[in-house]
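Enquirer: What follows is a single structure, and I will ask about it in a moment.
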Amino acid sequence: MRIVLVLANLPRLCLESAEKEPNKELGAVKLKFNDLRQFNDNLLIETDLCIVGSGPAGLSIAKEFVGTNVQVWIVESGGLEEEPDTQALYNIESIGVPRVMQQEIIRSRIFGGSSHVWTGRCAPFDPLDFQSRPWIPNSGWPIDREQLDPYLERAGINLGLGPHCYDQRLWELFKVSRPEPLLDENLLKPAFWQFSKSAKDPAEPTRFGHHFMPEHAPNINVLLHANVTHLNTNETGTCLESIEVSTLEHKRGSIKAKAIILCCGGIENARLLLASNRILPNGVGNPHDTVGRFLMDHPGCVIGGFDPQRSTKVRSRFGQYWLDNQQGRHVYLQGVALSPTIQAQEGLLNCAAFLEEYSAPDDPWTALRRLKTALKKQPPHSSPTVDQAMFWRQPTASATSGLPPSPYRDVLAVLSHPQIPLQGLYRRFVKHRPALPKAERIDLYCLVEQLPDPSSRITLSETKDALGMPISKINWQMSDREMQTVRRLSQVMGQEFKRLGLPQPILANWLNDKENWQSNFIDRAHPIGTTRISENPQQGVVNSNCQVHGVEGLFIAGSSVFPTTGHANPTLMIVAMSIRLADWLKINCFHQQGGAA
Ligand SMILES: Cc1cc2nc3c(=O)[nH]c(=O)nc-3n(C[C@H](O)[C@H](O)[C@H](O)COP(=O)(O)OP(=O)(O)OC[C@H]3O[C@@H](n4cnc5c(N)ncnc54)[C@H](O)[C@@H]3O)c2cc1C
């Protein structure tokens, strides 16, 4: 039986003609969940807007259309829970600088995408990141930071962030005095991040998915277990006509829409364009061989550390700060970044460093937290993937002696270090700062921008996945400029900390290694640049409105459109750019049918 869902029809009514009940409502969420596995073969959906992928990019766009007359279908490869067979579709072949992070942990193929495992650290790109910098070939965005600011503010609301403010105005908002002496801003500038806070559980970052969408969203439909396997264009590749979907059991369907947005993440967006090569051998949107090129990440490395016994001053200055407002408490972190002046003078990339603290196994605060959890009988994280990945969010809370948890040991930890909780209470209630746990290790962690390099790229592997699609062959490259930048940051930090009377960082020996430095960096699950924005179709994949150059009806959202990486984690920018695209579509594609809510 062939089911045709035409946008004028009530989709749910049509769905009821499917063999089994396909709709599933989750708690208070009134999204219409459908499962491709429960339809007959050759389902055809016709709608206004189709969003492929339900991570932060996809759901941010969908949310903007709630309450409009635009019928939206979100097409998602995964289901509502982790499934190993679906995760396996993310396998890659790595032939460049090793992708160290385990792929099955760092990308979640599930409703909500990788927000299930993200840490929630947020910061916008700096104004300089948007500029065309003569010392960085292929740099420059067609928009500037000021134009993006209103979207960054809206993105911050979606992510449960505090005010959209990342400069010295924060000191007043923190209600603490600005630390002195000041950094020499020709060398270093303070860098601030804040942490996303879920509306449901403030201890967690916003997890897109179940709780992100508004309760009443009658025009939004979700199709689960629907893997997009091919983008079908007309013969000349100038117009997207439909997309093909398949379950792992090879039940197929296709979707037609006025606008289709790929929101599959920084690797999959490129893979999907490249693998859609039945009509055009180079794939879709790829007449100039630009798709998949310029792959970047935020290479991360430990550049040194501090002696935990002599680090209170530096932990105090560069640790966490609180900002309390009507939405509750927001947590910010201060670190340092290379100043725009030194980047321009010395031809460097953007780069920031922050403290990463690891609590001692007998830290009284960790012990108290464990005791509180045990008393409340709170269940542990339900997902092993989240457990493995969450070490990035709370390194201080992950301290373990390797022994099973014991309430006796925890009580002993609290009683044997009474000064630590007392000092913590003083910091909390007098200084308005979080307590300092007993640290076992304090690392100085660094994230560096990458040089946009066309030879760092994703192509298609000979190996195929369970759906017959070639997996991604990833040739990730790093340049000497990244190392030069990190080395310079560490030197400048040493110099500045001495001048400020702060403890000196104990710098890592590998920083002097001219040959084998690459193995000290890891990829940070931030794939960027593979479908980059460019004004000129020969230099990128999407135009400044995120439409694929020369392909009517096809758009891309996510970090793959960023032409440069800055040093900041990407999700705040992803959400801001997605909201910007939604606004553009409302005016330019759906205005006639009342696209605006
Ligand atoms: C451990 C970890 C910690 C992180 N911490 C941070 C952090 O602190 N701050 C930060 O800014 N970022 C962080 N990130 C990165 C962050 O998770 C991503 O930037 C963000 O999830 C990207 O959103 P997205 O919507 O573009 O893609 P994703 O979240 O990857 O979502 C893509 C969606 O598309 C679906 N999909 C893929 N292919 C197909 C297909 N062919 N058909 C149908 N559906 C498909 C997937 O199932 C998925 O739901 C972290 C990532 C990890 C892994």
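Convention: chains lettered A, B, ... in structure tokens order; per-chain residue numbering from 1; ligands numbered from 1 as shown.
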Taking a cut-off of 7 Å and counting only C-alpha atoms and all ligand atoms, can you build a table that, for each residue of chain A near ligand 1, reports the nearest atom pair and how far apart they are in Å (one decimal), sorted by chain then residue number, as CSV?

Expert:
residue,atom,partner,partner_atom_place_in_ligand_line,distance
A:Val52,CA,ligand 1,43 (C),5.3
A:Gly53,CA,ligand 1,34 (O),3.3
A:Ser54,CA,ligand 1,49 (O),4.5
A:Gly55,CA,ligand 1,25 (O),3.4
A:Pro56,CA,ligand 1,25 (O),3.9
A:Ala57,CA,ligand 1,25 (O),3.8
A:Gly58,CA,ligand 1,25 (O),5.5
A:Val75,CA,ligand 1,43 (C),5.6
A:Glu76,CA,ligand 1,44 (N),4.0
A:Ser77,CA,ligand 1,44 (N),3.8
A:Gly78,CA,ligand 1,47 (O),5.1
A:Ile105,CA,ligand 1,53 (C),6.3
A:Ile106,CA,ligand 1,53 (C),3.3
A:Arg107,CA,ligand 1,53 (C),5.2
A:Ser108,CA,ligand 1,48 (C),6.1
A:Arg109,CA,ligand 1,47 (O),3.2
A:Ile110,CA,ligand 1,47 (O),4.6
A:Phe111,CA,ligand 1,49 (O),5.0
A:Gly112,CA,ligand 1,49 (O),5.2
A:Gly113,CA,ligand 1,49 (O),3.3
A:Ser114,CA,ligand 1,29 (O),3.7
A:Ser115,CA,ligand 1,21 (O),4.6
A:Val117,CA,ligand 1,1 (C),5.0
A:Trp118,CA,ligand 1,4 (C),3.4
A:Thr119,CA,ligand 1,8 (O),3.7
A:Gly120,CA,ligand 1,8 (O),4.0
A:Arg121,CA,ligand 1,8 (O),3.6
A:Cys122,CA,ligand 1,11 (O),5.3
A:Ala226,CA,ligand 1,43 (C),5.8
A:Asn227,CA,ligand 1,42 (N),3.7
A:Val228,CA,ligand 1,42 (N),3.9
A:Thr229,CA,ligand 1,41 (N),5.9
A:Cys263,CA,ligand 1,26 (O),5.6
A:Cys264,CA,ligand 1,34 (O),3.5
A:Gly265,CA,ligand 1,27 (O),3.7
A:Gly266,CA,ligand 1,26 (O),6.4
A:Glu268,CA,ligand 1,38 (N),5.5
A:Leu272,CA,ligand 1,41 (N),6.6
A:Ala389,CA,ligand 1,1 (C),4.5
A:Met390,CA,ligand 1,1 (C),6.5
A:Trp392,CA,ligand 1,3 (C),6.3
A:Ala525,CA,ligand 1,51 (C),5.1
A:His526,CA,ligand 1,15 (C),5.5
A:Ala557,CA,ligand 1,26 (O),6.8
A:Gly558,CA,ligand 1,26 (O),4.1
A:Ser559,CA,ligand 1,26 (O),6.0
A:Asn569,CA,ligand 1,11 (O),3.9
A:Pro570,CA,ligand 1,11 (O),4.2
A:Thr571,CA,ligand 1,11 (O),3.6
A:Leu572,CA,ligand 1,11 (O),5.9
A:Ile574,CA,ligand 1,26 (O),6.5

Enquirer: Check which residues of region 47-88 of chain A sit at most 10 Å from region 449-466 of chain A using only C-alpha atoms, and return one row each with the closest pair of atoms and their distance in Å to one decimal, ordered by chain and rising number, as a Markdown table.

Expert:
| residue | atom | partner | partner_atom | distance |
| --- | --- | --- | --- | --- |
| A:Asp85 | CA | A:Ala466 | CA | 8.4 |
| A:Thr86 | CA | A:Ala466 | CA | 9.0 |
| A:Ala88 | CA | A:Asp465 | CA | 7.8 |

Enquirer: As a PyMOL selection string, please: the residues near region 139-144 of chain A (cut-off 10 Å, only C-alpha atoms, same-chain neighbours under 3 positions excluded).

Expert: chain A and resi 126-136+147-149+451-452+532-535+543-545+562-565

Enquirer: List every residue of region 159-357 of chain A that DSSP, applied to the backbone of this structure, places in helix (DSSP H, G or I), and write the result as a ChimeraX atom specification.

Expert: /A:170-174,268-275,308-310,312-318,340-346

Enquirer: Which value, in Å to one decimal, gives the distance between CA of Leu152 (chain A) and CA of Ala62 (chain A)?

Expert: 17.0 Å

Enquirer: Given the choices A:Leu511, A:Leu554, A:Leu368, A:Leu500, which gets closest to Pro181 (chain A) if the distance is worked out from only C-alpha atoms?

Expert: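 Ranked by minimum distance to Pro181 (chain A), first place goes to A:Leu500.
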
Enquirer: May I have the residues within 9 Å of Met483 (chain A) as a list in words, using only C-alpha atoms and disregarding those fewer than 4 positions away in the same chain?

Expert: Val448, Met478, Ser479, Arg487, Arg488, Leu511, Trp517 and Gln518 of chain A

Enquirer: Applying 6 Å and only C-alpha atoms, which residues near Ser254 (chain A) remain after dropping the ones on its own chain fewer than 5 positions away? List them as number ranges by chain.

Expert: A: 44, 243-245

Enquirer: Point out the residue among A:Gly283, A:Gly253, A:Pro179, A:Pro98 with the least atom-to-atom distance to Gln38 (chain A), counting only C-alpha atoms.

Expert: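 Of A:Gly283, A:Gly253, A:Pro179, A:Pro98, the one nearest Gln38 (chain A) is A:Gly253, counting only C-alpha atoms.
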
Enquirer: A:Tyr151, A:Arg99, A:Pro299, A:Glu83: which is nearest Leu581 (chain A), counting only C-alpha atoms?

Expert: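 When distances to Leu581 (chain A) are compared using only C-alpha atoms, the smallest one comes from A:Tyr151.
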
Enquirer: Just how far from CA of Arg154 (chain A) is CA of Arg169 (chain A), in Å to one decimal?

Expert: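 Taking CA of Arg169 (chain A) as the start and CA of Arg154 (chain A) as the end point, the length is 19.6 Å.
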
Enquirer: Quick one: pull the distance between CA of Ile556 (chain A) and CA of Thr236 (chain A), Å, one decimal.

Expert: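 We find that CA of Ile556 (chain A) and CA of Thr236 (chain A) lie 19.8 Å from each other.
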
Enquirer: Under the rule that only C-alpha atoms are counted, which of A:Tyr321, A:Trp73, A:Tyr408, A:Phe33 is the nearest residue to Gln334 (chain A)?

Expert: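 Comparing A:Tyr321, A:Trp73, A:Tyr408, A:Phe33 against Gln334 (chain A), the winner is A:Tyr321.
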
Enquirer: When distances are computed from only C-alpha atoms, which of A:Asp201, A:Asp324, A:Asp307, A:Glu93 shows the smallest separation from Leu173 (chain A)?

Expert: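 That would be A:Asp324, the residue with the smallest distance to Leu173 (chain A).
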
Enquirer: Please identify the strand (DSSP E) residues within region 329-490 of chain A (assignment by DSSP from backbone atoms) and present them as a PyMOL selection string.

Expert: chain A and resi 329-338+351-359+439-448+457-464+470-475

Enquirer: Keeping only N, CA and C atoms, write those residues as a tab-separated table (two decimals), in the first residue's frame.

Expert:
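Contents of the output file result-v4.tsv:
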chain	number	residue	atom	x	y	z
A	329	ARG	N	20.42	30.39	38.80
A	329	ARG	CA	21.88	30.56	38.84
A	329	ARG	C	22.51	30.08	37.52
A	330	HIS	N	23.39	30.91	36.97
A	330	HIS	CA	24.12	30.53	35.76
A	330	HIS	C	25.60	30.42	36.10
A	331	VAL	N	26.21	29.38	35.58
A	331	VAL	CA	27.62	29.13	35.90
A	331	VAL	C	28.50	29.57	34.73
A	332	TYR	N	29.47	30.40	35.03
A	332	TYR	CA	30.43	30.87	34.03
A	332	TYR	C	31.82	30.38	34.42
A	333	LEU	N	32.67	30.27	33.42
A	333	LEU	CA	34.06	29.89	33.66
A	333	LEU	C	34.95	30.93	33.01
A	334	GLN	N	35.98	31.36	33.76
A	334	GLN	CA	36.92	32.29	33.15
A	334	GLN	C	38.23	31.59	32.80
A	335	GLY	N	38.71	31.85	31.61
A	335	GLY	CA	40.04	31.39	31.21
A	335	GLY	C	40.74	32.54	30.52
A	336	VAL	N	41.69	32.23	29.66
A	336	VAL	CA	42.36	33.29	28.90
A	336	VAL	C	42.41	32.90	27.43
A	337	ALA	N	42.51	33.92	26.58
A	337	ALA	CA	42.66	33.67	25.14
A	337	ALA	C	43.71	34.62	24.59
A	338	LEU	N	44.31	34.25	23.48
A	338	LEU	CA	45.27	35.15	22.84
A	338	LEU	C	44.54	36.40	22.37
A	351	CYS	N	42.96	31.07	20.13
A	351	CYS	CA	43.34	29.97	21.03
A	351	CYS	C	43.02	30.36	22.47
A	352	ALA	N	42.48	29.44	23.23
A	352	ALA	CA	42.12	29.75	24.62
A	352	ALA	C	42.55	28.61	25.53
A	353	ALA	N	42.73	28.94	26.80
A	353	ALA	CA	43.08	27.91	27.79
A	353	ALA	C	42.28	28.13	29.06
A	354	PHE	N	42.00	27.05	29.75
A	354	PHE	CA	41.22	27.12	30.99
A	354	PHE	C	41.69	26.01	31.92
A	355	LEU	N	41.30	26.13	33.18
A	355	LEU	CA	41.69	25.11	34.16
A	355	LEU	C	40.73	23.92	34.08
A	356	GLU	N	41.28	22.74	34.11
A	356	GLU	CA	40.44	21.54	34.20
A	356	GLU	C	40.87	20.82	35.48
A	357	GLU	N	39.96	20.78	36.43
A	357	GLU	CA	40.32	20.28	37.76
A	357	GLU	C	39.81	18.86	37.98
A	358	TYR	N	40.63	18.06	38.61
A	358	TYR	CA	40.23	16.68	38.94
A	358	TYR	C	40.25	16.55	40.46
A	359	SER	N	39.10	16.24	41.04
A	359	SER	CA	39.03	16.13	42.49
A	359	SER	C	39.79	14.93	42.99
A	439	ALA	N	41.66	19.19	45.19
A	439	ALA	CA	42.05	18.76	43.84
A	439	ALA	C	43.20	17.78	43.90
A	440	GLU	N	43.17	16.81	43.00
A	440	GLU	CA	44.27	15.85	42.87
A	440	GLU	C	45.18	16.29	41.73
A	441	ARG	N	44.55	16.94	40.73
A	441	ARG	CA	45.30	17.35	39.53
A	441	ARG	C	44.63	18.58	38.96
A	442	ILE	N	45.43	19.52	38.51
A	442	ILE	CA	44.86	20.70	37.85
A	442	ILE	C	45.57	20.89	36.53
A	443	ASP	N	44.86	20.62	35.46
A	443	ASP	CA	45.44	20.75	34.12
A	443	ASP	C	45.13	22.12	33.55
A	444	LEU	N	45.99	22.53	32.66
A	444	LEU	CA	45.74	23.72	31.86
A	444	LEU	C	45.39	23.19	30.48
A	445	TYR	N	44.12	23.30	30.14
A	445	TYR	CA	43.64	22.70	28.89
A	445	TYR	C	43.47	23.78	27.84
A	446	CYS	N	43.80	23.43	26.62
A	446	CYS	CA	43.83	24.45	25.57
A	446	CYS	C	43.04	23.96	24.35
A	447	LEU	N	42.26	24.85	23.76
A	447	LEU	CA	41.57	24.57	22.50
A	447	LEU	C	42.04	25.58	21.48
A	448	VAL	N	42.41	25.09	20.31
A	448	VAL	CA	42.98	26.00	19.30
A	448	VAL	C	42.16	25.95	18.01
A	457	ARG	N	40.05	16.72	4.65
A	457	ARG	CA	38.74	16.53	4.00
A	457	ARG	C	38.08	15.18	4.28
A	458	ILE	N	36.79	15.17	3.95
A	458	ILE	CA	35.99	13.93	4.00
A	458	ILE	C	35.72	13.50	2.57
A	459	THR	N	36.01	12.24	2.27
A	459	THR	CA	35.58	11.67	0.99
A	459	THR	C	34.81	10.39	1.32
A	460	LEU	N	34.44	9.64	0.29
A	460	LEU	CA	33.69	8.41	0.55
A	460	LEU	C	34.65	7.22	0.58
A	461	SER	N	34.43	6.34	1.54
A	461	SER	CA	35.26	5.14	1.67
A	461	SER	C	34.74	4.05	0.72
A	462	GLU	N	35.56	3.03	0.51
A	462	GLU	CA	35.10	1.85	-0.22
A	462	GLU	C	34.14	1.03	0.65
A	463	THR	N	34.31	1.16	1.96
A	463	THR	CA	33.48	0.38	2.90
A	463	THR	C	32.08	0.97	2.95
A	464	LYS	N	31.09	0.07	3.01
A	464	LYS	CA	29.71	0.56	3.06
A	464	LYS	C	29.07	0.24	4.41
A	470	PRO	N	28.35	4.43	1.35
A	470	PRO	CA	29.77	4.45	1.73
A	470	PRO	C	29.97	5.22	3.03
A	471	ILE	N	30.81	4.69	3.92
A	471	ILE	CA	31.08	5.42	5.15
A	471	ILE	C	32.04	6.57	4.84
A	472	SER	N	32.23	7.48	5.77
A	472	SER	CA	33.11	8.63	5.53
A	472	SER	C	34.57	8.22	5.68
A	473	LYS	N	35.36	8.65	4.72
A	473	LYS	CA	36.82	8.49	4.84
A	473	LYS	C	37.34	9.85	5.29
A	474	ILE	N	37.90	9.90	6.49
A	474	ILE	CA	38.25	11.20	7.07
A	474	ILE	C	39.76	11.39	7.06
A	475	ASN	N	40.18	12.39	6.31
A	475	ASN	CA	41.60	12.74	6.26
A	475	ASN	C	41.76	14.08	6.98

Enquirer: Ranking A:Gly550, A:Gly304, A:Gly468, A:Pro340 by minimum distance to Leu188 (chain A) and counting only C-alpha atoms, which one comes first?

Expert: A:Pro340

Enquirer: Show which residues sit within 12 Å of region 63-67 of chain A, as a PyMOL selection string. Count only C-alpha atoms, and ignore same-chain residues fewer than 5 positions away.

Expert: chain A and resi 30-31+48-51+54-58+72-74+151+154-155+158+208-209+211-221+575-576+578-587+590+594-597

Enquirer: Could you save those same residues with C-alpha atoms as a JSON list (two decimals), in the first residue's frame?

Expert:
[["chain", "number", "residue", "atom", "x", "y", "z"],
["A", 30, "LYS", "CA", 2.61, 16.65, 21.99],
["A", 31, "LEU", "CA", 4.94, 16.14, 19.07],
["A", 48, "ASP", "CA", 6.28, 22.25, 3.40],
["A", 49, "LEU", "CA", 9.49, 21.91, 5.33],
["A", 50, "CYS", "CA", 11.56, 18.81, 5.93],
["A", 51, "ILE", "CA", 14.33, 18.88, 8.51],
["A", 54, "SER", "CA", 16.94, 16.27, 15.25],
["A", 55, "GLY", "CA", 20.04, 17.52, 17.07],
["A", 56, "PRO", "CA", 20.47, 21.11, 18.27],
["A", 57, "ALA", "CA", 20.45, 22.42, 14.67],
["A", 58, "GLY", "CA", 17.34, 20.54, 13.50],
["A", 72, "VAL", "CA", 7.08, 20.40, 9.23],
["A", 73, "TRP", "CA", 8.48, 16.87, 9.16],
["A", 74, "ILE", "CA", 11.60, 16.08, 11.14],
["A", 151, "TYR", "CA", 20.39, 35.25, 17.07],
["A", 154, "ARG", "CA", 17.78, 33.86, 21.11],
["A", 155, "ALA", "CA", 20.01, 30.79, 21.00],
["A", 158, "ASN", "CA", 17.01, 27.93, 23.96],
["A", 208, "PHE", "CA", 17.44, 18.57, 22.73],
["A", 209, "GLY", "CA", 14.83, 15.94, 22.16],
["A", 211, "HIS", "CA", 11.84, 18.16, 26.57],
["A", 212, "PHE", "CA", 13.05, 20.80, 24.15],
["A", 213, "MET", "CA", 9.97, 21.31, 21.99],
["A", 214, "PRO", "CA", 6.92, 23.18, 23.29],
["A", 215, "GLU", "CA", 4.07, 21.06, 24.59],
["A", 216, "HIS", "CA", 1.70, 22.01, 21.82],
["A", 217, "ALA", "CA", 3.22, 21.64, 18.39],
["A", 218, "PRO", "CA", 0.47, 20.32, 16.12],
["A", 219, "ASN", "CA", 2.22, 21.24, 12.88],
["A", 220, "ILE", "CA", 5.42, 19.37, 13.75],
["A", 221, "ASN", "CA", 5.75, 15.68, 12.89],
["A", 575, "VAL", "CA", 21.79, 27.17, 17.30],
["A", 576, "ALA", "CA", 22.14, 30.89, 16.45],
["A", 578, "SER", "CA", 19.89, 27.72, 12.69],
["A", 579, "ILE", "CA", 17.47, 30.31, 14.08],
["A", 580, "ARG", "CA", 18.80, 32.77, 11.50],
["A", 581, "LEU", "CA", 18.05, 30.24, 8.73],
["A", 582, "ALA", "CA", 14.55, 29.63, 10.12],
["A", 583, "ASP", "CA", 13.85, 33.37, 10.03],
["A", 584, "TRP", "CA", 15.11, 33.59, 6.47],
["A", 585, "LEU", "CA", 12.92, 30.67, 5.34],
["A", 586, "LYS", "CA", 9.83, 32.14, 6.99],
["A", 587, "ILE", "CA", 10.21, 35.32, 4.97],
["A", 590, "PHE", "CA", 6.78, 30.51, 3.50],
["A", 594, "GLY", "CA", 1.75, 32.83, 7.02],
["A", 595, "GLY", "CA", 5.20, 31.51, 7.84],
["A", 596, "ALA", "CA", 5.49, 33.92, 10.71],
["A", 597, "ALA", "CA", 3.86, 32.65, 13.90]]
